[in-house]
>>> print(open('query.cif').read())   # mmCIF, C-alpha atoms
data_input
#
loop_
_atom_site.group_PDB
_atom_site.id
_atom_site.type_symbol
_atom_site.label_atom_id
_atom_site.label_comp_id
_atom_site.auth_asym_id
_atom_site.auth_seq_id
_atom_site.Cartn_x
_atom_site.Cartn_y
_atom_site.Cartn_z
ATOM 1 C CA MET A 1 7.548 -40.203 50.605
ATOM 2 C CA THR A 2 3.855 -39.964 49.854
ATOM 3 C CA SER A 3 4.395 -39.847 46.092
ATOM 4 C CA LYS A 4 7.220 -39.758 43.609
ATOM 5 C CA PRO A 5 8.484 -36.433 42.270
ATOM 6 C CA ALA A 6 8.325 -35.266 38.691
ATOM 7 C CA VAL A 7 11.403 -35.268 36.471
ATOM 8 C CA SER A 8 12.984 -33.128 33.780
ATOM 9 C CA LEU A 9 13.627 -34.820 30.447
ATOM 10 C CA VAL A 10 15.580 -33.626 27.402
ATOM 11 C CA ALA A 11 15.561 -35.325 23.987
ATOM 12 C CA VAL A 12 19.278 -35.443 23.196
ATOM 13 C CA ALA A 13 20.207 -35.844 19.531
ATOM 14 C CA GLY A 14 20.771 -39.497 18.690
ATOM 15 C CA ARG A 15 18.859 -40.692 21.763
ATOM 16 C CA ARG A 16 15.358 -39.443 21.028
ATOM 17 C CA GLN A 17 13.745 -42.860 20.715
ATOM 18 C CA ALA A 18 15.522 -43.962 23.881
ATOM 19 C CA THR A 19 14.129 -40.849 25.558
ATOM 20 C CA LEU A 20 10.584 -41.859 24.652
ATOM 21 C CA ASP A 21 11.246 -45.374 25.937
ATOM 22 C CA LEU A 22 12.484 -43.815 29.172
ATOM 23 C CA ALA A 23 9.349 -41.665 29.401
ATOM 24 C CA GLN A 24 7.171 -44.769 29.175
ATOM 25 C CA ARG A 25 9.243 -46.380 31.906
ATOM 26 C CA LEU A 26 8.922 -43.319 34.125
ATOM 27 C CA GLU A 27 5.165 -43.543 33.694
ATOM 28 C CA ARG A 28 5.173 -47.221 34.674
ATOM 29 C CA GLU A 29 7.356 -46.426 37.699
ATOM 30 C CA GLY A 30 4.783 -43.905 38.918
ATOM 31 C CA PHE A 31 6.744 -40.641 38.717
ATOM 32 C CA GLY A 32 4.667 -37.522 39.190
ATOM 33 C CA GLY A 33 5.241 -35.888 35.808
ATOM 34 C CA ILE A 34 7.662 -35.183 32.982
ATOM 35 C CA TYR A 35 8.651 -31.592 32.257
ATOM 36 C CA CYS A 36 10.716 -30.641 29.227
ATOM 37 C CA PRO A 37 13.010 -27.590 29.100
ATOM 38 C CA SER A 38 13.839 -25.731 25.890
ATOM 39 C CA PRO A 39 17.050 -27.622 24.930
ATOM 40 C CA GLY A 40 16.360 -30.345 22.409
ATOM 41 C CA ASP A 41 13.000 -28.726 21.562
ATOM 42 C CA GLY A 42 10.894 -29.515 24.598
ATOM 43 C CA MET A 43 7.704 -28.732 22.691
ATOM 44 C CA ALA A 44 8.484 -31.381 20.080
ATOM 45 C CA LEU A 45 9.201 -33.858 22.857
ATOM 46 C CA CYS A 46 5.840 -33.039 24.426
ATOM 47 C CA GLU A 47 4.116 -33.771 21.124
ATOM 48 C CA ALA A 48 5.680 -37.218 21.204
ATOM 49 C CA LEU A 49 4.821 -37.723 24.880
ATOM 50 C CA ALA A 50 1.154 -37.069 24.093
ATOM 51 C CA LEU A 51 1.214 -40.141 21.863
ATOM 52 C CA VAL A 52 3.491 -42.572 23.704
ATOM 53 C CA THR A 53 2.213 -42.082 27.271
ATOM 54 C CA ARG A 54 -1.281 -42.578 28.638
ATOM 55 C CA GLU A 55 -1.647 -41.174 32.157
ATOM 56 C CA ILE A 56 1.387 -39.195 33.300
ATOM 57 C CA ALA A 57 1.188 -35.395 33.421
ATOM 58 C CA PHE A 58 3.734 -33.551 31.320
ATOM 59 C CA GLY A 59 4.594 -30.122 30.000
ATOM 60 C CA THR A 60 7.197 -27.645 28.876
ATOM 61 C CA SER A 61 9.328 -25.981 31.483
ATOM 62 C CA ILE A 62 9.925 -23.858 29.611
ATOM 63 C CA ALA A 63 9.202 -22.937 25.990
ATOM 64 C CA HIS A 64 11.091 -19.815 24.947
ATOM 65 C CA ILE A 65 8.414 -17.353 23.770
ATOM 66 C CA TYR A 66 10.620 -15.322 21.435
ATOM 67 C CA THR A 67 11.637 -18.195 19.159
ATOM 68 C CA ARG A 68 8.299 -18.642 17.346
ATOM 69 C CA HIS A 69 5.303 -16.552 16.413
ATOM 70 C CA VAL A 70 2.609 -16.778 19.071
ATOM 71 C CA PHE A 71 0.195 -18.264 16.518
ATOM 72 C CA GLU A 72 2.576 -21.187 15.963
ATOM 73 C CA TRP A 73 2.846 -21.726 19.705
ATOM 74 C CA ALA A 74 -0.956 -21.656 20.014
ATOM 75 C CA GLN A 75 -1.482 -24.194 17.241
ATOM 76 C CA THR A 76 1.007 -26.666 18.651
ATOM 77 C CA ALA A 77 -0.160 -26.232 22.237
ATOM 78 C CA ALA A 78 -3.754 -26.896 21.206
ATOM 79 C CA VAL A 79 -2.784 -30.057 19.320
ATOM 80 C CA ILE A 80 -0.839 -31.457 22.275
ATOM 81 C CA HIS A 81 -3.620 -30.514 24.686
ATOM 82 C CA GLU A 82 -6.186 -32.391 22.625
ATOM 83 C CA LEU A 83 -4.053 -35.449 21.875
ATOM 84 C CA SER A 84 -3.019 -35.813 25.524
ATOM 85 C CA ARG A 85 -6.598 -35.506 26.769
ATOM 86 C CA GLY A 86 -5.688 -32.620 29.036
ATOM 87 C CA ARG A 87 -2.447 -33.943 30.532
ATOM 88 C CA PHE A 88 -0.265 -31.214 28.991
ATOM 89 C CA ARG A 89 0.768 -27.959 30.681
ATOM 90 C CA PHE A 90 2.285 -25.182 28.562
ATOM 91 C CA GLY A 91 5.145 -23.631 30.505
ATOM 92 C CA VAL A 92 6.552 -20.478 28.912
ATOM 93 C CA GLY A 93 9.318 -18.050 29.713
ATOM 94 C CA VAL A 94 11.460 -15.202 28.410
ATOM 95 C CA SER A 95 14.783 -17.064 28.812
ATOM 96 C CA HIS A 96 17.872 -14.879 29.399
ATOM 97 C CA GLY A 97 20.391 -12.567 27.806
ATOM 98 C CA PRO A 98 22.973 -15.066 26.481
ATOM 99 C CA ALA A 99 20.241 -17.095 24.763
ATOM 100 C CA HIS A 100 18.819 -13.937 23.171
ATOM 101 C CA ALA A 101 22.279 -12.922 21.928
ATOM 102 C CA ARG A 102 23.028 -16.394 20.562
ATOM 103 C CA LEU A 103 19.790 -16.399 18.569
ATOM 104 C CA GLY A 104 19.989 -12.778 17.467
ATOM 105 C CA LEU A 105 16.824 -11.806 19.368
ATOM 106 C CA ALA A 106 15.935 -8.342 20.617
ATOM 107 C CA PRO A 107 13.246 -8.788 23.279
ATOM 108 C CA GLY A 108 11.450 -5.972 25.015
ATOM 109 C CA LYS A 109 10.568 -5.800 28.703
ATOM 110 C CA PRO A 110 9.959 -9.286 30.144
ATOM 111 C CA LEU A 111 6.784 -8.509 32.079
ATOM 112 C CA GLU A 112 5.171 -6.609 29.235
ATOM 113 C CA ASP A 113 6.206 -9.213 26.672
ATOM 114 C CA MET A 114 4.872 -12.061 28.779
ATOM 115 C CA ARG A 115 1.542 -10.359 29.391
ATOM 116 C CA ALA A 116 1.154 -9.684 25.662
ATOM 117 C CA PHE A 117 2.169 -13.230 24.741
ATOM 118 C CA VAL A 118 -0.397 -14.866 27.017
ATOM 119 C CA GLY A 119 -3.142 -12.526 25.851
ATOM 120 C CA ASP A 120 -2.332 -13.112 22.182
ATOM 121 C CA LEU A 121 -2.057 -16.861 22.705
ATOM 122 C CA ARG A 122 -5.517 -17.092 24.228
ATOM 123 C CA ALA A 123 -6.982 -14.904 21.498
ATOM 124 C CA TYR A 124 -6.164 -17.651 18.990
ATOM 125 C CA ALA A 125 -8.233 -20.297 20.830
ATOM 126 C CA PRO A 126 -11.312 -19.801 18.570
ATOM 127 C CA GLN A 127 -9.092 -20.719 15.603
ATOM 128 C CA VAL A 128 -6.894 -23.467 17.025
ATOM 129 C CA GLY A 129 -9.099 -25.075 19.675
ATOM 130 C CA ALA A 130 -8.946 -25.365 23.439
ATOM 131 C CA LEU A 131 -5.616 -24.435 24.978
ATOM 132 C CA PRO A 132 -3.838 -26.102 27.907
ATOM 133 C CA PRO A 133 -3.172 -24.466 31.281
ATOM 134 C CA ILE A 134 -0.340 -21.942 31.082
ATOM 135 C CA THR A 135 2.559 -21.836 33.526
ATOM 136 C CA LEU A 136 4.972 -18.906 33.697
ATOM 137 C CA ALA A 137 8.668 -19.351 34.343
ATOM 138 C CA THR A 138 9.256 -17.200 37.393
ATOM 139 C CA LEU A 139 12.156 -16.135 39.559
ATOM 140 C CA ARG A 140 11.608 -12.778 41.246
ATOM 141 C CA ARG A 141 8.518 -11.235 42.774
ATOM 142 C CA ARG A 142 7.037 -9.315 39.829
ATOM 143 C CA MET A 143 6.944 -12.332 37.507
ATOM 144 C CA VAL A 144 5.562 -14.435 40.369
ATOM 145 C CA ALA A 145 2.755 -11.921 40.815
ATOM 146 C CA LEU A 146 2.116 -11.896 37.066
ATOM 147 C CA ALA A 147 1.846 -15.693 37.036
ATOM 148 C CA GLY A 148 -0.838 -15.480 39.685
ATOM 149 C CA GLU A 149 -2.670 -12.807 37.714
ATOM 150 C CA ILE A 150 -2.700 -14.221 34.160
ATOM 151 C CA ALA A 151 -1.669 -17.890 34.311
ATOM 152 C CA GLU A 152 -2.526 -21.214 35.922
ATOM 153 C CA GLY A 153 0.863 -21.846 37.447
ATOM 154 C CA ALA A 154 4.407 -20.750 38.204
ATOM 155 C CA VAL A 155 7.617 -22.707 37.799
ATOM 156 C CA TRP A 156 11.073 -21.837 39.090
ATOM 157 C CA ALA A 157 14.435 -23.255 38.129
ATOM 158 C CA ASN A 158 17.253 -23.439 40.691
ATOM 159 C CA ALA A 159 15.229 -21.647 43.339
ATOM 160 C CA ALA A 160 16.428 -21.347 46.923
ATOM 161 C CA ARG A 161 14.286 -23.465 49.238
ATOM 162 C CA SER A 162 14.837 -21.087 52.153
ATOM 163 C CA HIS A 163 13.343 -18.268 50.052
ATOM 164 C CA MET A 164 10.360 -20.151 48.617
ATOM 165 C CA VAL A 165 7.859 -19.159 51.303
ATOM 166 C CA GLU A 166 8.713 -15.513 50.673
ATOM 167 C CA SER A 167 8.427 -15.971 46.899
ATOM 168 C CA LEU A 168 5.007 -17.578 47.194
ATOM 169 C CA ARG A 169 3.717 -14.624 49.203
ATOM 170 C CA HIS A 170 3.698 -12.628 45.971
ATOM 171 C CA LEU A 171 0.994 -14.847 44.494
ATOM 172 C CA PRO A 172 -2.549 -13.508 44.964
ATOM 173 C CA GLU A 173 -4.598 -15.282 47.597
ATOM 174 C CA ARG A 174 -6.842 -16.938 45.009
ATOM 175 C CA SER A 175 -3.802 -18.637 43.444
ATOM 176 C CA ARG A 176 -2.326 -19.701 46.776
ATOM 177 C CA SER A 177 -5.616 -21.280 47.811
ATOM 178 C CA ASP A 178 -6.318 -22.936 44.441
ATOM 179 C CA PRO A 179 -5.317 -26.628 44.570
ATOM 180 C CA ASP A 180 -5.051 -26.668 40.768
ATOM 181 C CA PHE A 181 -2.613 -23.756 40.578
ATOM 182 C CA PHE A 182 0.723 -25.283 39.593
ATOM 183 C CA VAL A 183 3.766 -24.491 41.727
ATOM 184 C CA GLY A 184 6.914 -26.223 40.502
ATOM 185 C CA ASP A 185 10.679 -25.995 40.752
ATOM 186 C CA MET A 186 13.342 -27.496 38.508
ATOM 187 C CA LEU A 187 15.807 -28.869 41.028
ATOM 188 C CA PRO A 188 19.311 -30.050 40.029
ATOM 189 C CA THR A 189 19.891 -33.451 41.645
ATOM 190 C CA CYS A 190 22.801 -35.852 42.016
ATOM 191 C CA ILE A 191 22.584 -39.129 43.947
ATOM 192 C CA ASP A 192 25.819 -40.457 45.398
ATOM 193 C CA THR A 193 26.877 -41.417 48.904
ATOM 194 C CA ASP A 194 30.084 -39.501 48.170
ATOM 195 C CA ARG A 195 28.628 -36.078 48.919
ATOM 196 C CA ALA A 196 31.758 -34.229 47.832
ATOM 197 C CA ALA A 197 31.677 -35.876 44.410
ATOM 198 C CA ALA A 198 27.962 -35.138 44.032
ATOM 199 C CA ALA A 199 28.490 -31.523 45.131
ATOM 200 C CA ALA A 200 31.222 -31.101 42.515
ATOM 201 C CA VAL A 201 28.779 -32.216 39.823
ATOM 202 C CA MET A 202 26.164 -29.782 41.069
ATOM 203 C CA ARG A 203 28.664 -26.924 41.000
ATOM 204 C CA ARG A 204 29.521 -27.721 37.391
ATOM 205 C CA VAL A 205 25.833 -27.892 36.458
ATOM 206 C CA LEU A 206 25.133 -24.483 38.002
ATOM 207 C CA THR A 207 28.198 -22.654 36.695
ATOM 208 C CA SER A 208 26.415 -21.193 33.662
ATOM 209 C CA TYR A 209 23.379 -20.161 35.733
ATOM 210 C CA VAL A 210 25.303 -18.437 38.479
ATOM 211 C CA LYS A 211 26.973 -16.199 35.899
ATOM 212 C CA LEU A 212 23.611 -14.734 34.846
ATOM 213 C CA PRO A 213 22.779 -11.336 36.408
ATOM 214 C CA ASN A 214 19.076 -12.181 36.847
ATOM 215 C CA TYR A 215 19.947 -15.261 38.879
ATOM 216 C CA GLN A 216 22.590 -13.379 40.852
ATOM 217 C CA ASN A 217 20.019 -10.744 41.783
ATOM 218 C CA TYR A 218 17.545 -13.419 42.830
ATOM 219 C CA TRP A 219 20.072 -15.213 45.031
ATOM 220 C CA ILE A 220 21.110 -11.910 46.611
ATOM 221 C CA GLU A 221 17.462 -11.401 47.576
ATOM 222 C CA ALA A 222 17.468 -14.935 48.954
ATOM 223 C CA GLY A 223 20.303 -14.098 51.351
ATOM 224 C CA TYR A 224 23.450 -14.986 49.402
ATOM 225 C CA GLU A 225 24.987 -11.556 48.876
ATOM 226 C CA ALA A 226 28.512 -12.646 49.847
ATOM 227 C CA GLU A 227 28.450 -15.639 47.514
ATOM 228 C CA MET A 228 27.182 -13.559 44.598
ATOM 229 C CA ALA A 229 29.775 -10.843 45.192
ATOM 230 C CA ALA A 230 32.468 -13.522 44.979
ATOM 231 C CA VAL A 231 30.867 -14.969 41.855
ATOM 232 C CA ARG A 232 30.804 -11.568 40.164
ATOM 233 C CA ALA A 233 34.459 -11.003 40.962
ATOM 234 C CA ALA A 234 35.331 -14.412 39.519
ATOM 235 C CA VAL A 235 33.229 -13.791 36.397
ATOM 236 C CA ALA A 236 35.020 -10.475 35.857
ATOM 237 C CA LYS A 237 38.314 -12.397 35.834
ATOM 238 C CA GLY A 238 36.972 -15.128 33.543
ATOM 239 C CA ASP A 239 37.828 -17.746 36.180
ATOM 240 C CA ASP A 240 35.270 -20.578 36.211
ATOM 241 C CA ASP A 241 37.133 -22.455 38.931
ATOM 242 C CA ALA A 242 36.770 -19.408 41.171
ATOM 243 C CA VAL A 243 33.088 -19.172 40.207
ATOM 244 C CA ARG A 244 32.573 -22.727 41.460
ATOM 245 C CA GLY A 245 34.684 -21.989 44.525
ATOM 246 C CA ALA A 246 32.308 -19.163 45.409
ATOM 247 C CA MET A 247 29.379 -21.583 45.612
ATOM 248 C CA SER A 248 29.216 -22.213 49.339
ATOM 249 C CA GLU A 249 27.874 -25.472 50.745
ATOM 250 C CA ARG A 250 25.071 -23.495 52.404
ATOM 251 C CA TRP A 251 24.024 -22.059 49.028
ATOM 252 C CA LEU A 252 24.452 -25.327 47.138
ATOM 253 C CA SER A 253 22.355 -27.252 49.661
ATOM 254 C CA ASP A 254 19.619 -24.647 49.336
ATOM 255 C CA VAL A 255 19.310 -24.738 45.537
ATOM 256 C CA THR A 256 20.107 -28.383 44.695
ATOM 257 C CA LEU A 257 19.675 -31.895 46.060
ATOM 258 C CA TYR A 258 22.720 -34.123 46.387
ATOM 259 C CA GLY A 259 23.926 -37.001 48.497
ATOM 260 C CA SER A 260 22.536 -40.427 49.287
ATOM 261 C CA ALA A 261 19.175 -41.671 48.053
ATOM 262 C CA THR A 262 17.745 -41.120 51.537
ATOM 263 C CA GLU A 263 19.003 -37.541 51.637
ATOM 264 C CA VAL A 264 17.505 -36.820 48.226
ATOM 265 C CA ARG A 265 14.142 -38.342 49.162
ATOM 266 C CA ASP A 266 14.094 -36.329 52.374
ATOM 267 C CA GLY A 267 14.999 -33.256 50.359
ATOM 268 C CA VAL A 268 11.971 -33.718 48.109
ATOM 269 C CA ASP A 269 9.785 -33.790 51.211
ATOM 270 C CA ALA A 270 11.434 -30.603 52.476
ATOM 271 C CA TRP A 271 10.745 -28.820 49.198
ATOM 272 C CA ARG A 272 7.109 -29.847 49.356
ATOM 273 C CA ALA A 273 6.897 -28.547 52.908
ATOM 274 C CA ALA A 274 8.236 -25.208 51.604
ATOM 275 C CA GLY A 275 5.236 -24.950 49.275
ATOM 276 C CA VAL A 276 6.428 -26.495 46.014
ATOM 277 C CA LYS A 277 3.624 -28.790 44.878
ATOM 278 C CA THR A 278 5.527 -30.295 41.938
ATOM 279 C CA VAL A 279 9.195 -30.970 42.627
ATOM 280 C CA ILE A 280 10.901 -31.532 39.260
ATOM 281 C CA LEU A 281 14.205 -33.345 39.661
ATOM 282 C CA VAL A 282 16.862 -32.609 37.029
ATOM 283 C CA PRO A 283 19.195 -35.591 37.427
ATOM 284 C CA SER A 284 22.943 -35.654 36.898
ATOM 285 C CA SER A 285 25.369 -38.388 37.841
ATOM 286 C CA THR A 286 28.932 -38.722 39.052
ATOM 287 C CA ARG A 287 29.207 -41.883 36.936
ATOM 288 C CA GLY A 288 27.815 -40.968 33.517
ATOM 289 C CA GLY A 289 25.277 -39.023 31.500
ATOM 290 C CA GLN A 290 21.525 -38.532 31.561
ATOM 291 C CA MET A 291 20.587 -42.182 31.151
ATOM 292 C CA VAL A 292 22.848 -43.251 34.029
ATOM 293 C CA ALA A 293 21.404 -40.469 36.181
ATOM 294 C CA PHE A 294 17.883 -41.710 35.510
ATOM 295 C CA GLU A 295 18.784 -45.263 36.460
ATOM 296 C CA GLU A 296 20.048 -43.941 39.786
ATOM 297 C CA LEU A 297 16.945 -41.817 40.254
ATOM 298 C CA ILE A 298 14.535 -44.654 39.490
ATOM 299 C CA ALA A 299 16.360 -46.918 41.925
ATOM 300 C CA ALA A 300 16.311 -44.246 44.648
ATOM 301 C CA PHE A 301 12.522 -43.891 44.536
ATOM 302 C CA ARG A 302 11.524 -47.546 44.421
#
>>> encode(input="query.cif", output="structure tokens")
Amino acid sequence: MTSKPAVSLVAVAGRRQATLDLAQRLEREGFGGIYCPSPGDGMALCEALALVTREIAFGTSIAHIYTRHVFEWAQTAAVIHELSRGRFRFGVGVSHGPAHARLGLAPGKPLEDMRAFVGDLRAYAPQVGALPPITLATLRRRMVALAGEIAEGAVWANAARSHMVESLRHLPERSRSDPDFFVGDMLPTCIDTDRAAAAAVMRRVLTSYVKLPNYQNYWIEAGYEAEMAAVRAAVAKGDDDAVRGAMSERWLSDVTLYGSATEVRDGVDAWRAAGVKTVILVPSSTRGGQMVAFEELIAAFR
């Protein structure tokens, strides 16, 4: 390993101070960044990270654009950018259908909405101050191309490593050749020498994602048509065990990292070789919750 990967961090209710303590430890341990998804209010966590860390890069991955007015997003992003002295990256995305339904949202077309959001966000810079680099949550080719057109980065979640070279082809040449253009992937990870136990955890983690039509369509494009057909049949029956049974080892090994510490470290290298500049590990454990998973991750990369 030439450098340590980045990690995904969520501020779980009741453990928010412990999460900040962990962030400071991750900085001392030399991890490559901290990226905060929407659960637990990743933007609020990033505000805190701007104050309790000193050098580590961090950002949202992602902030859900429909949950606040763009002016509110712009104000907060500008504050974090200034307080962090440029270490913050604002990752934004349109989320997915179940989240929209749960929150009572009625979004329009994702590409049009994202283009409008980024344009409106930047228009507020004269009022709120300098804004951080913007990263778009991407999955399929049209959003990838949009990220290269209007943003400073693209971030996937649960991407297929075998498909990453093809995905990156949809970025314009200027983005592919720009060393500062962010290319990241949120990668579910479980470290255990008992590969079967680790794989079972990964299947549970991905159950909710594999039910989503947008992810199914992406994985079909990535070469997993048979697996997704089986998933759709299981979803139609309401059978989560069958959903997990449809997740082949070939598919699971392509979209997650699991196994021994050596296998996970080698996997990070393989993802980098596929073109992902910032590998963001999302740790789970066979032995406990998030804090246990981070202890295992820290130990694996020492």
>>> resolve_selection(input="query.cif", expression="the PyMOL selection byres ((chain A and resi 126-129) around 7)", output="number ranges by chain")
A: 74-75, 78, 124-125, 130-131
>>> write_last_selection(input="query.cif", atoms="C-alpha atoms", output="compact mmCIF listing (two decimals), in the coordinates of the input")
# COMPACT_ATOMS: atom_id res chain seq x y z
CA ALA A 74 -0.96 -21.66 20.01
CA GLN A 75 -1.48 -24.19 17.24
CA ALA A 78 -3.75 -26.90 21.21
CA TYR A 124 -6.16 -17.65 18.99
CA ALA A 125 -8.23 -20.30 20.83
CA ALA A 130 -8.95 -25.36 23.44
CA LEU A 131 -5.62 -24.44 24.98
>>> resolve_selection(input="query.cif", expression="the PyMOL selection byres ((chain A and resi 273-287) around 6)", output="list in words")
Pro5, Ala6, Val7, Ser8, Val183, Gly184, Asp185, Met186, Leu187, Pro188, Thr189, Cys190, Ala270, Trp271, Arg272, Gly288 and Ala293 of chain A
>>> write_last_selection(input="query.cif", atoms="C-alpha atoms", output="PDB file, in the frame of the given file")
ATOM      1  CA  PRO A   5       8.484 -36.433  42.270  1.00  0.00           C
ATOM      2  CA  ALA A   6       8.325 -35.266  38.691  1.00  0.00           C
ATOM      3  CA  VAL A   7      11.403 -35.268  36.471  1.00  0.00           C
ATOM      4  CA  SER A   8      12.984 -33.128  33.780  1.00  0.00           C
ATOM      5  CA  VAL A 183       3.766 -24.491  41.727  1.00  0.00           C
ATOM      6  CA  GLY A 184       6.914 -26.223  40.502  1.00  0.00           C
ATOM      7  CA  ASP A 185      10.679 -25.995  40.752  1.00  0.00           C
ATOM      8  CA  MET A 186      13.342 -27.496  38.508  1.00  0.00           C
ATOM      9  CA  LEU A 187      15.807 -28.869  41.028  1.00  0.00           C
ATOM     10  CA  PRO A 188      19.311 -30.050  40.029  1.00  0.00           C
ATOM     11  CA  THR A 189      19.891 -33.451  41.645  1.00  0.00           C
ATOM     12  CA  CYS A 190      22.801 -35.852  42.016  1.00  0.00           C
ATOM     13  CA  ALA A 270      11.434 -30.603  52.476  1.00  0.00           C
ATOM     14  CA  TRP A 271      10.745 -28.820  49.198  1.00  0.00           C
ATOM     15  CA  ARG A 272       7.109 -29.847  49.356  1.00  0.00           C
ATOM     16  CA  GLY A 288      27.815 -40.968  33.517  1.00  0.00           C
ATOM     17  CA  ALA A 293      21.404 -40.469  36.181  1.00  0.00           C
TER      18      ALA A 293
END
>>> closest_residue(input="query.cif", among="A:Met228, A:Val165, A:Leu121, A:Met114", to="Pro133 (chain A)", atoms="all atoms listed in the file")
A:Leu121
>>> closest_residue(input="query.cif", among="A:Ala199, A:Ala147, A:Leu297, A:Val205", to="Glu249 (chain A)", atoms="all atoms listed in the file")
A:Ala199
>>> resolve_selection(input="query.cif", expression="the PyMOL selection byres ((chain A and resi 167-173) around 7)", output="list in words")
Arg141, Val144, Ala145, Gly148, His163, Met164, Val165, Glu166, Arg174, Ser175, Arg176 and Ser177 of chain A
>>> write_last_selection(input="query.cif", atoms="C-alpha atoms", output="PDB file, in the coordinates of the input")
ATOM      1  CA  ARG A 141       8.518 -11.235  42.774  1.00  0.00           C
ATOM      2  CA  VAL A 144       5.562 -14.435  40.369  1.00  0.00           C
ATOM      3  CA  ALA A 145       2.755 -11.921  40.815  1.00  0.00           C
ATOM      4  CA  GLY A 148      -0.838 -15.480  39.685  1.00  0.00           C
ATOM      5  CA  HIS A 163      13.343 -18.268  50.052  1.00  0.00           C
ATOM      6  CA  MET A 164      10.360 -20.151  48.617  1.00  0.00           C
ATOM      7  CA  VAL A 165       7.859 -19.159  51.303  1.00  0.00           C
ATOM      8  CA  GLU A 166       8.713 -15.513  50.673  1.00  0.00           C
ATOM      9  CA  ARG A 174      -6.842 -16.938  45.009  1.00  0.00           C
ATOM     10  CA  SER A 175      -3.802 -18.637  43.444  1.00  0.00           C
ATOM     11  CA  ARG A 176      -2.326 -19.701  46.776  1.00  0.00           C
ATOM     12  CA  SER A 177      -5.616 -21.280  47.811  1.00  0.00           C
TER      13      SER A 177
END
>>> closest_residue(input="query.cif", among="A:Ile134, A:Val79, A:Ile56, A:Ala198", to="Arg28 (chain A)", atoms="only C-alpha atoms")
A:Ile56
>>> closest_residue(input="query.cif", among="A:Pro110, A:Gly30, A:Gly238, A:Gly42", to="Gly97 (chain A)", atoms="all atoms listed in the file")
A:Pro110
>>> closest_residue(input="query.cif", among="A:Ala151, A:Ala159, A:Leu20, A:Met43", to="Phe182 (chain A)", atoms="all atoms listed in the file")
A:Ala151
